[in-house]
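The next block holds one structure in the form of structure tokens; read it before the comments.
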Amino acid sequence: MYTTRKIAQDTIYVGASDRRLAKFENLFPIPRGVSYNNYLILDEKTVLLDTADAAVSGRFLENVAHALGGRALDYIVVNHMEPDHAATLGQALNAWPGAQLVCNAKTLPMLRMYFPGCEAAVAGALLVKEGDTLALGSHTLHFVMAPMVHWPEVMMAFDDATGVLYSADAFGTFGALGGNIFADELDFARDWLDDARRYYANIVGKYGVPVQAVLKKAATLPIRMLAPLHGPIWRKDLPWFIAKYDQWSRCAPEDKAVVVLYGSMYGNTENAAEALATRLADKGLANIALYDLSVTDNSVAMAECFRASHIVLASPTYNGGLYLPMEALLNDMKALALHDRVFALIENGSWAPVANKLMADKLAELKNATILDTRLTVRGALADAQSESLDALADAILGSM
Ligand code: FEO
């Protein structure tokens, strides 16, 4: 049975959700699943905006066929070529062979890479560039190039009749949709914001500058609805969510807060991290978040680094280097271009502690990273005699807030 919903005049949601996939991109755990959003505009011309992941091909194709109601499909707009959206493009072209592809010049070589059997459709594609339009009847699509949000070929389409911005991955969120496809039908701040931030930080986070560029373009459009390729559609409170994207893409912390991220082999480094958190709490700091990196997915840790202003890292020295989960996190900080954060460091080492130096060296590669001079070294277990040092570290953190 179809699962379509009308979202605006002549505009139908034809997407589908996957609740079985364990990891998005085979990397990021998605216990709440993920949606692949697609939209169909039924005007004098009919147009499908993007296709879907292979895992939901059956539901997606049935939804499109139902929404078309026997009409021909005139256009398929390819806003993004990544296979979570384009994997079923070949199937869509088989189902509606008269459809003309609409894409930009950067999309063409990717179409040839992924769909060598569709050369005729690729050769006949309608190429669009920044500012080009596609008249459908009473609706006209305006194309906005959005390179590197999240791949080089990404573009967005704005429908001037409905005010819908088809925003590709931008404004996307992890999480499957079930009937309620609008953010205002859900408690987004309570149930979705953490996954939206995690999606942003890990999927788009590296591309803050291109996101800022596209936000500036979007600000010139009379947008009434944001229709991303993943997660809920926004028809109310758009400024609230756009402000989140603005904040995330500037890598500006959402909260003046401390997040403590530790690795610990036998619980001693964990104890030092928790003892510091306790001192901070005693001194009046609220909303401290503390995570064991051995049981916390990196995508969650990175999302917390995007959220918080102050980050405490605590790591054992391991094989003369860093404990592996800490090293992975620091590599991700660099890869995802985290910047403008304050860091405090705790190391542990029974005979040759070097973790603080190694963490500081890695953090120095981040833009505008402030690494507090006050640091703590634990030799095995945190000793009672180090109480003053612990206080000094807590005071240094609080003094920097
Ligand atoms: Fe949802 Fe960049 O693909």
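Simple scheme: letters A, B, ... for chains in structure tokens order, numbers from 1 for residues in each chain, numbers from 1 for ligands in the order shown.
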Show me which residues sit within 9 Å of ligand 1 when counting only C-alpha atoms and all ligand atoms, and put them as a ChimeraX atom specification.
/A:25,36,80-86,149-151,154,168-170,172,203-204,229-230
Please produce a file of those selected residues containing N, CA and C atoms, as a JSON list (two decimals), in the first residue's frame.
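File produced: selection-v5.json:
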```
[["chain", "number", "residue", "atom", "x", "y", "z"],
["A", 25, "GLU", "N", 25.68, 4.95, 5.80],
["A", 25, "GLU", "CA", 26.99, 4.92, 5.14],
["A", 25, "GLU", "C", 27.85, 3.77, 5.67],
["A", 36, "TYR", "N", 14.33, 8.36, 3.33],
["A", 36, "TYR", "CA", 14.80, 8.86, 2.03],
["A", 36, "TYR", "C", 13.61, 9.59, 1.44],
["A", 80, "HIS", "N", 21.05, 15.35, -6.06],
["A", 80, "HIS", "CA", 22.22, 14.77, -5.38],
["A", 80, "HIS", "C", 22.41, 13.35, -5.89],
["A", 81, "MET", "N", 23.66, 13.03, -6.23],
["A", 81, "MET", "CA", 23.96, 11.73, -6.86],
["A", 81, "MET", "C", 24.35, 10.64, -5.87],
["A", 82, "GLU", "N", 24.51, 10.95, -4.60],
["A", 82, "GLU", "CA", 24.96, 9.91, -3.66],
["A", 82, "GLU", "C", 23.94, 8.77, -3.68],
["A", 83, "PRO", "N", 24.43, 7.52, -3.61],
["A", 83, "PRO", "CA", 23.53, 6.39, -3.83],
["A", 83, "PRO", "C", 22.37, 6.27, -2.83],
["A", 84, "ASP", "N", 22.45, 6.92, -1.67],
["A", 84, "ASP", "CA", 21.27, 6.85, -0.79],
["A", 84, "ASP", "C", 20.08, 7.56, -1.43],
["A", 85, "HIS", "N", 20.35, 8.34, -2.49],
["A", 85, "HIS", "CA", 19.26, 9.00, -3.21],
["A", 85, "HIS", "C", 19.17, 8.55, -4.65],
["A", 86, "ALA", "N", 20.29, 8.21, -5.26],
["A", 86, "ALA", "CA", 20.28, 7.94, -6.69],
["A", 86, "ALA", "C", 20.34, 6.45, -7.04],
["A", 149, "VAL", "N", 27.71, 20.55, -0.43],
["A", 149, "VAL", "CA", 26.70, 20.39, 0.63],
["A", 149, "VAL", "C", 25.86, 19.14, 0.28],
["A", 150, "HIS", "N", 26.42, 18.02, 0.04],
["A", 150, "HIS", "CA", 27.55, 17.46, 0.67],
["A", 150, "HIS", "C", 28.56, 16.88, -0.32],
["A", 151, "TRP", "N", 28.16, 16.81, -1.58],
["A", 151, "TRP", "CA", 29.03, 16.38, -2.67],
["A", 151, "TRP", "C", 29.18, 17.56, -3.65],
["A", 154, "VAL", "N", 25.93, 18.80, -5.79],
["A", 154, "VAL", "CA", 24.64, 19.04, -5.11],
["A", 154, "VAL", "C", 24.03, 20.36, -5.57],
["A", 168, "ALA", "N", 18.04, 19.14, -0.69],
["A", 168, "ALA", "CA", 19.02, 18.03, -0.73],
["A", 168, "ALA", "C", 19.36, 17.58, 0.69],
["A", 169, "ASP", "N", 20.64, 17.29, 0.97],
["A", 169, "ASP", "CA", 20.99, 16.81, 2.31],
["A", 169, "ASP", "C", 20.86, 17.90, 3.38],
["A", 170, "ALA", "N", 20.93, 19.16, 2.98],
["A", 170, "ALA", "CA", 20.86, 20.23, 3.96],
["A", 170, "ALA", "C", 19.51, 20.19, 4.68],
["A", 172, "GLY", "N", 18.73, 17.98, 6.72],
["A", 172, "GLY", "CA", 18.37, 16.58, 6.89],
["A", 172, "GLY", "C", 18.61, 16.11, 8.32],
["A", 203, "ILE", "N", 27.90, 14.25, 8.70],
["A", 203, "ILE", "CA", 27.69, 14.14, 7.25],
["A", 203, "ILE", "C", 28.09, 15.44, 6.56],
["A", 204, "VAL", "N", 27.70, 16.55, 7.11],
["A", 204, "VAL", "CA", 27.90, 17.84, 6.44],
["A", 204, "VAL", "C", 28.90, 18.72, 7.17],
["A", 229, "LEU", "N", 16.20, 15.81, 1.96],
["A", 229, "LEU", "CA", 16.21, 14.43, 1.48],
["A", 229, "LEU", "C", 16.13, 13.41, 2.62],
["A", 230, "HIS", "N", 16.34, 13.86, 3.86],
["A", 230, "HIS", "CA", 16.21, 12.96, 5.02],
["A", 230, "HIS", "C", 15.45, 13.69, 6.13]]
```
Among range 8-248 of chain A, which ones does DSSP assign to helix (DSSP H, G or I) (computed from the backbone)? Answer as a PDB file with C-alpha atoms, in the first residue's frame.
```
ATOM      1  CA  ALA A  54      18.008   0.637  -3.023  1.00  0.00           C
ATOM      2  CA  ALA A  55      16.721  -0.727   0.303  1.00  0.00           C
ATOM      3  CA  VAL A  56      13.396   1.107  -0.093  1.00  0.00           C
ATOM      4  CA  SER A  57      13.033   0.750  -3.871  1.00  0.00           C
ATOM      5  CA  GLY A  58       9.744  -1.160  -3.697  1.00  0.00           C
ATOM      6  CA  ARG A  59       7.954   1.359  -1.481  1.00  0.00           C
ATOM      7  CA  PHE A  60       9.443   4.316  -3.354  1.00  0.00           C
ATOM      8  CA  LEU A  61       8.406   3.083  -6.832  1.00  0.00           C
ATOM      9  CA  GLU A  62       4.921   2.154  -5.618  1.00  0.00           C
ATOM     10  CA  ASN A  63       4.507   5.598  -4.061  1.00  0.00           C
ATOM     11  CA  VAL A  64       5.554   7.389  -7.233  1.00  0.00           C
ATOM     12  CA  ALA A  65       3.255   5.209  -9.397  1.00  0.00           C
ATOM     13  CA  HIS A  66       0.335   5.842  -7.062  1.00  0.00           C
ATOM     14  CA  ALA A  67       0.914   9.592  -6.944  1.00  0.00           C
ATOM     15  CA  LEU A  68       1.218   9.785 -10.722  1.00  0.00           C
ATOM     16  CA  PRO A  83      23.526   6.393  -3.827  1.00  0.00           C
ATOM     17  CA  ASP A  84      21.271   6.850  -0.790  1.00  0.00           C
ATOM     18  CA  HIS A  85      19.259   9.000  -3.207  1.00  0.00           C
ATOM     19  CA  ALA A  86      20.282   7.940  -6.694  1.00  0.00           C
ATOM     20  CA  LEU A  89      17.494   6.151 -10.620  1.00  0.00           C
ATOM     21  CA  GLY A  90      17.978   3.348 -13.144  1.00  0.00           C
ATOM     22  CA  GLN A  91      14.825   1.624 -11.909  1.00  0.00           C
ATOM     23  CA  ALA A  92      12.885   4.879 -12.156  1.00  0.00           C
ATOM     24  CA  LEU A  93      14.089   5.388 -15.731  1.00  0.00           C
ATOM     25  CA  ASN A  94      13.007   1.836 -16.563  1.00  0.00           C
ATOM     26  CA  ALA A  95       9.587   2.454 -15.032  1.00  0.00           C
ATOM     27  CA  THR A 107      26.317  15.481 -12.128  1.00  0.00           C
ATOM     28  CA  LEU A 108      26.847  14.137 -15.652  1.00  0.00           C
ATOM     29  CA  PRO A 109      30.154  12.282 -15.089  1.00  0.00           C
ATOM     30  CA  MET A 110      28.743  10.770 -11.907  1.00  0.00           C
ATOM     31  CA  LEU A 111      25.672   9.543 -13.787  1.00  0.00           C
ATOM     32  CA  ARG A 112      28.022   7.833 -16.231  1.00  0.00           C
ATOM     33  CA  MET A 113      30.027   6.292 -13.355  1.00  0.00           C
ATOM     34  CA  TYR A 114      27.023   4.847 -11.585  1.00  0.00           C
ATOM     35  CA  PRO A 116      26.731   3.095 -17.550  1.00  0.00           C
ATOM     36  CA  GLY A 117      23.618   1.358 -18.923  1.00  0.00           C
ATOM     37  CA  CYS A 118      21.612   4.586 -19.018  1.00  0.00           C
ATOM     38  CA  GLU A 119      23.740   6.461 -21.550  1.00  0.00           C
ATOM     39  CA  ALA A 120      20.763   7.503 -23.687  1.00  0.00           C
ATOM     40  CA  ALA A 121      19.009   9.091 -20.700  1.00  0.00           C
ATOM     41  CA  VAL A 122      22.252  10.705 -19.569  1.00  0.00           C
ATOM     42  CA  ALA A 123      22.979  12.065 -23.028  1.00  0.00           C
ATOM     43  CA  ALA A 183       8.555  18.645  12.017  1.00  0.00           C
ATOM     44  CA  ASP A 184       5.545  20.389  13.573  1.00  0.00           C
ATOM     45  CA  GLU A 185       3.771  17.039  13.882  1.00  0.00           C
ATOM     46  CA  PHE A 188      11.464  17.847  17.197  1.00  0.00           C
ATOM     47  CA  ALA A 189      13.430  19.596  19.947  1.00  0.00           C
ATOM     48  CA  ARG A 190      12.886  16.684  22.324  1.00  0.00           C
ATOM     49  CA  ASP A 191      13.113  13.684  19.994  1.00  0.00           C
ATOM     50  CA  LEU A 193      17.414  17.587  17.567  1.00  0.00           C
ATOM     51  CA  ASP A 194      20.220  15.338  18.828  1.00  0.00           C
ATOM     52  CA  ASP A 195      20.009  13.205  15.682  1.00  0.00           C
ATOM     53  CA  ALA A 196      19.791  16.334  13.496  1.00  0.00           C
ATOM     54  CA  ARG A 197      22.985  17.639  15.090  1.00  0.00           C
ATOM     55  CA  ARG A 198      24.657  14.235  14.772  1.00  0.00           C
ATOM     56  CA  TYR A 199      23.649  14.087  11.112  1.00  0.00           C
ATOM     57  CA  TYR A 200      24.939  17.610  10.487  1.00  0.00           C
ATOM     58  CA  ALA A 201      28.230  17.166  12.348  1.00  0.00           C
ATOM     59  CA  ASN A 202      29.147  13.859  10.761  1.00  0.00           C
ATOM     60  CA  ILE A 203      27.686  14.141   7.252  1.00  0.00           C
ATOM     61  CA  VAL A 204      27.897  17.840   6.438  1.00  0.00           C
ATOM     62  CA  GLY A 205      30.043  19.186   9.287  1.00  0.00           C
ATOM     63  CA  LYS A 206      33.243  19.383   7.256  1.00  0.00           C
ATOM     64  CA  TYR A 207      31.523  21.701   4.782  1.00  0.00           C
ATOM     65  CA  GLY A 208      30.580  24.616   7.020  1.00  0.00           C
ATOM     66  CA  VAL A 209      31.788  27.243   4.543  1.00  0.00           C
ATOM     67  CA  PRO A 210      29.698  25.912   1.614  1.00  0.00           C
ATOM     68  CA  VAL A 211      26.705  25.591   3.954  1.00  0.00           C
ATOM     69  CA  GLN A 212      27.131  29.237   4.955  1.00  0.00           C
ATOM     70  CA  ALA A 213      27.248  30.182   1.266  1.00  0.00           C
ATOM     71  CA  VAL A 214      24.018  28.364   0.491  1.00  0.00           C
ATOM     72  CA  LEU A 215      22.306  29.806   3.584  1.00  0.00           C
ATOM     73  CA  LYS A 216      23.079  33.270   2.219  1.00  0.00           C
ATOM     74  CA  LYS A 217      21.478  32.329  -1.119  1.00  0.00           C
ATOM     75  CA  ALA A 218      18.487  30.788   0.634  1.00  0.00           C
ATOM     76  CA  LEU A 238      11.743  27.552   9.823  1.00  0.00           C
ATOM     77  CA  PRO A 239      13.883  30.330  11.351  1.00  0.00           C
ATOM     78  CA  TRP A 240      14.520  28.155  14.423  1.00  0.00           C
ATOM     79  CA  PHE A 241      15.966  25.288  12.407  1.00  0.00           C
ATOM     80  CA  ILE A 242      17.759  27.575   9.937  1.00  0.00           C
ATOM     81  CA  ALA A 243      19.393  29.255  12.950  1.00  0.00           C
ATOM     82  CA  LYS A 244      20.612  25.835  14.130  1.00  0.00           C
ATOM     83  CA  TYR A 245      22.170  25.241  10.705  1.00  0.00           C
ATOM     84  CA  ASP A 246      23.728  28.685  10.789  1.00  0.00           C
ATOM     85  CA  GLN A 247      25.204  27.932  14.211  1.00  0.00           C
ATOM     86  CA  TRP A 248      26.448  24.465  13.279  1.00  0.00           C
TER      87      TRP A 248
END
```
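Take CA of Phe343 in chain A and CA of Ser315 in chain A: the distance between them is 13.2 Å.
Here the question is which of A:Leu390, A:Val14, A:Leu293, A:Ala257 gets nearest to Val342 in chain A using only C-alpha atoms, and that residue is A:Ala257.
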Length of the CA of Gly263 in chain A to CA of Asn348 in chain A vector [Å]:
9.9 Å
Find the distance between CA of Ala52 in chain A and CA of Arg20 in chain A and write it in Å to one decimal.
15.4 Å
Enumerate the residues of range 74-262 of chain A with a DSSP assignment of strand (DSSP E), computed from the backbone, and present them as a PyMOL selection string.
chain A and resi 75-77+100-103+126-127+133-135+140-145+155-159+164-166+225-227+255-262
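Shortest atom-to-atom contact with Asp10 in chain A among A:Leu136, A:Leu366, A:Val102, A:Val34: A:Leu136, counting only C-alpha atoms.
Minimum distance to Ala337 in chain A across A:Asp187, A:Asp43, A:Glu365, A:Glu153 (counting only C-alpha atoms) occurs at A:Glu365.
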Find the residues of range 195-311 of chain A that sit at most 8 Å from range 371-380 of chain A; for each, write down the nearest two atoms and how far apart they are in Å, to one decimal. Count only C-alpha atoms. Sort by chain, then by number going up, and give it as a tab-separated table.
```
residue	atom	partner	partner_atom	distance
A:Asn268	CA	A:Gly380	CA	6.7
A:Thr269	CA	A:Val378	CA	7.6
A:Ala272	CA	A:Val378	CA	7.7
```
Next, dump the selected residues to file, keeping only all heavy atoms, as a PDB file, in the first residue's frame.
```pdb
ATOM      1  N   ASN A 268      40.642   3.768  35.849  1.00  0.00           N
ATOM      2  CA  ASN A 268      41.356   4.826  36.566  1.00  0.00           C
ATOM      3  C   ASN A 268      41.247   6.177  35.853  1.00  0.00           C
ATOM      4  O   ASN A 268      41.063   7.211  36.506  1.00  0.00           O
ATOM      5  CB  ASN A 268      42.825   4.424  36.752  1.00  0.00           C
ATOM      6  CG  ASN A 268      42.956   3.259  37.719  1.00  0.00           C
ATOM      7  OD1 ASN A 268      42.496   3.333  38.859  1.00  0.00           O
ATOM      8  ND2 ASN A 268      43.541   2.154  37.260  1.00  0.00           N
ATOM      9  N   THR A 269      41.369   6.158  34.551  1.00  0.00           N
ATOM     10  CA  THR A 269      41.198   7.418  33.808  1.00  0.00           C
ATOM     11  C   THR A 269      39.739   7.856  33.876  1.00  0.00           C
ATOM     12  O   THR A 269      39.441   9.050  33.973  1.00  0.00           O
ATOM     13  CB  THR A 269      41.660   7.241  32.350  1.00  0.00           C
ATOM     14  OG1 THR A 269      42.942   6.615  32.339  1.00  0.00           O
ATOM     15  CG2 THR A 269      41.745   8.577  31.639  1.00  0.00           C
ATOM     16  N   ALA A 272      39.335   9.657  37.088  1.00  0.00           N
ATOM     17  CA  ALA A 272      39.879  11.019  37.029  1.00  0.00           C
ATOM     18  C   ALA A 272      38.906  11.941  36.301  1.00  0.00           C
ATOM     19  O   ALA A 272      38.665  13.077  36.725  1.00  0.00           O
ATOM     20  CB  ALA A 272      41.238  11.000  36.334  1.00  0.00           C
TER      21      ALA A 272
END
```
